[in-house]
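Report on the following structure.
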Amino acid sequence: MRRPSQKVAWSGVLTAAQPRIRLTRSFDQLSHTYQGYVLRVTGPIGPERREFLVAVGKSAHEKHQFRIGAELGGEGVPVNDPRIETAELYRVSKLEVHSRGPEPTQKPPPWHGVPPSLSVYRERGHRRLAARTYETRCISCIWGCKMAVEIIIDQWNPRQRRYRAETFCYGPLSCPIYKSGPNRTVPGRRGMTWVEEDWIDQEETSHRNPDE
């Protein structure tokens with residue numbers, strides 16, 4: 001069994017590039033941490049060959065402009081706490097992009113190409129996205145995002161926490177394949193529950209036109 005800090009060699013073809021954003025919830029309050037990007041790669045990772053997720057930083061994306069079809073490789077460290085990460089590897093080193101991949105030819109949705117800067121995601125705001133729709137239709141889209149979520153159950157006792165993953169869409173409001181899925185609930189202290197209703201998503205994206 002490898003040690004958590006042991007570097008793992010990986011390489012392959014990029015099949016998706018999406019933002020790496022962590023979400024912290026505390027009942028009806030939430031905050032985002034914009035960490036970089038998550039690359040979905042198919043190829044060898046250590047002694048195996050399969051699909052896997054690699055986290056890279058903002059500067060790496062600015063340099064290489066990742067997009068589907070790129071051939072790349074490097075080394076990474078297994079994430080220290082999988083509860084707060086959606087990627088399998090991070091702290092990437094020796095990163096090499098051997099080819100950038102072709103320009104996207106498929107008519108969206110889903111939207112391919114080079115993901116924008118993290119500031120663009122922050123400015124656009126997101127809507128909740130049904131997990132099944134994300135997995136079946138949006139997993140390669142630059143506007144899709146699967147966030148690791150840390151829930152503080154009791155703000156007076158921060159050690160009480162729960163963890164899960166949630167899927168979101170930053171894409172055009174008019175996207176024909178978008179499905180919101182059920183309202184999300186957030187557990188609180190003393191058995192209380194808060195429901196995140198539709199108006200929150202509407203308010204988050206109200207500054208955008210339907211095709212933005």
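Chains: A, B, ... in order of the structure tokens. Residues: from 1 per chain. Ligands: from 1, in order shown.
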Within 10 Å of Glu85 of chain A using only C-alpha atoms, minus same-chain residues under 4 positions, as a ChimeraX atom specification
/A:20-22,38,55,79-81,89-90,146-150,164-165
Give the strand (DSSP E) residues of chain A, as DSSP finds them on the backbone, and put them as a ChimeraX atom specification.
/A:8-26,29-45,48-56,71-78,89-99,127-128,144-152,161-169,184-187,193-196
Run DSSP on the backbone and give me the residues of segment 9-210 of chain A it puts in helix (DSSP H, G or I), as a PyMOL selection string.
chain A and resi 58-64+82-84+118-124+131-138+189-191+198-204
Hey, can you spit out that residue selection with C-alpha atoms as a PDB file, in the first residue's frame?
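The resulting file, again_38.pdb, is reproduced below:
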ATOM      1  CA  LYS A  58      -4.921  28.191 -11.704  1.00  0.00           C
ATOM      2  CA  SER A  59      -1.414  28.920 -13.021  1.00  0.00           C
ATOM      3  CA  ALA A  60      -1.157  25.517 -14.718  1.00  0.00           C
ATOM      4  CA  HIS A  61      -4.395  26.176 -16.594  1.00  0.00           C
ATOM      5  CA  GLU A  62      -3.293  29.674 -17.566  1.00  0.00           C
ATOM      6  CA  LYS A  63      -0.116  28.194 -19.041  1.00  0.00           C
ATOM      7  CA  HIS A  64      -1.506  25.128 -20.807  1.00  0.00           C
ATOM      8  CA  PRO A  82     -11.023  12.479  -0.007  1.00  0.00           C
ATOM      9  CA  ARG A  83     -13.994  13.953   1.876  1.00  0.00           C
ATOM     10  CA  ILE A  84     -13.030  17.461   0.800  1.00  0.00           C
ATOM     11  CA  LEU A 118     -12.093  31.144 -12.132  1.00  0.00           C
ATOM     12  CA  SER A 119     -13.219  34.771 -11.885  1.00  0.00           C
ATOM     13  CA  VAL A 120     -15.681  34.112 -14.718  1.00  0.00           C
ATOM     14  CA  TYR A 121     -17.268  31.252 -12.793  1.00  0.00           C
ATOM     15  CA  ARG A 122     -17.491  33.429  -9.700  1.00  0.00           C
ATOM     16  CA  GLU A 123     -19.155  36.248 -11.651  1.00  0.00           C
ATOM     17  CA  ARG A 124     -21.635  33.995 -13.449  1.00  0.00           C
ATOM     18  CA  ALA A 131     -26.660  14.532 -10.204  1.00  0.00           C
ATOM     19  CA  ARG A 132     -27.935  12.143 -12.867  1.00  0.00           C
ATOM     20  CA  THR A 133     -27.979  14.874 -15.511  1.00  0.00           C
ATOM     21  CA  TYR A 134     -24.419  15.800 -14.596  1.00  0.00           C
ATOM     22  CA  GLU A 135     -23.221  12.199 -14.845  1.00  0.00           C
ATOM     23  CA  THR A 136     -25.001  11.412 -18.121  1.00  0.00           C
ATOM     24  CA  ARG A 137     -25.016  14.718 -20.030  1.00  0.00           C
ATOM     25  CA  CYS A 138     -22.769  17.328 -18.412  1.00  0.00           C
ATOM     26  CA  ARG A 189     -28.031  21.711  15.140  1.00  0.00           C
ATOM     27  CA  ARG A 190     -30.634  19.962  17.269  1.00  0.00           C
ATOM     28  CA  GLY A 191     -32.091  18.107  14.284  1.00  0.00           C
ATOM     29  CA  ASP A 198     -35.468  27.576  -6.161  1.00  0.00           C
ATOM     30  CA  TRP A 199     -35.396  31.323  -5.512  1.00  0.00           C
ATOM     31  CA  ILE A 200     -31.794  31.055  -4.322  1.00  0.00           C
ATOM     32  CA  ASP A 201     -30.622  29.780  -7.709  1.00  0.00           C
ATOM     33  CA  GLN A 202     -32.727  32.415  -9.468  1.00  0.00           C
ATOM     34  CA  GLU A 203     -31.196  35.173  -7.383  1.00  0.00           C
ATOM     35  CA  GLU A 204     -27.686  33.802  -7.924  1.00  0.00           C
TER      36      GLU A 204
END
Leaving out segment 98-109 of chain A and any residue of its chain fewer than 5 positions from it, which residues lie within 8 Å of it when counting only C-alpha atoms, given as a PDB file with C-alpha atoms, in the first residue's frame?
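Below is the file out-v8.pdb, written as the result:
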ATOM      1  CA  PHE A  66      -6.470  22.575 -20.999  1.00  0.00           C
ATOM      2  CA  ARG A  67      -9.187  21.223 -23.274  1.00  0.00           C
ATOM      3  CA  ILE A  68     -10.647  17.878 -24.283  1.00  0.00           C
ATOM      4  CA  GLY A  69      -8.370  15.725 -26.437  1.00  0.00           C
ATOM      5  CA  ALA A  70      -5.086  16.965 -24.981  1.00  0.00           C
ATOM      6  CA  GLU A  71      -2.435  14.332 -24.318  1.00  0.00           C
ATOM      7  CA  LEU A  72      -0.628  14.989 -21.077  1.00  0.00           C
ATOM      8  CA  CYS A 141     -19.014  20.346 -20.118  1.00  0.00           C
ATOM      9  CA  CYS A 175     -29.514  25.156 -21.924  1.00  0.00           C
ATOM     10  CA  PRO A 176     -32.015  22.549 -23.198  1.00  0.00           C
ATOM     11  CA  ILE A 177     -30.543  19.623 -21.258  1.00  0.00           C
TER      12      ILE A 177
END
Kindly indicate which residue among A:Ile142, A:Asp28, A:Phe52, A:Val92 lies nearest to Asp154 of chain A, using only C-alpha atoms for the distances.
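Of A:Ile142, A:Asp28, A:Phe52, A:Val92, the one nearest Asp154 of chain A is A:Asp28, counting only C-alpha atoms.
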Just to confirm, what's the straight-line distance from atom CA of Gly171 of chain A to atom CA of Leu30 of chain A in Å (one decimal)?
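Going from atom CA of Gly171 of chain A over to atom CA of Leu30 of chain A, I get 20.5 Å.
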Have a look at atom CA of Arg49 of chain A and atom CA of Val13 of chain A and let me know their distance in Å, one decimal.
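That distance, rounded to one decimal, is 11.6 Å.
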Enter the distance from atom CA of Tyr170 of chain A to atom CA of Ser93 of chain A, in Å, rounded to one decimal.
29.1 Å
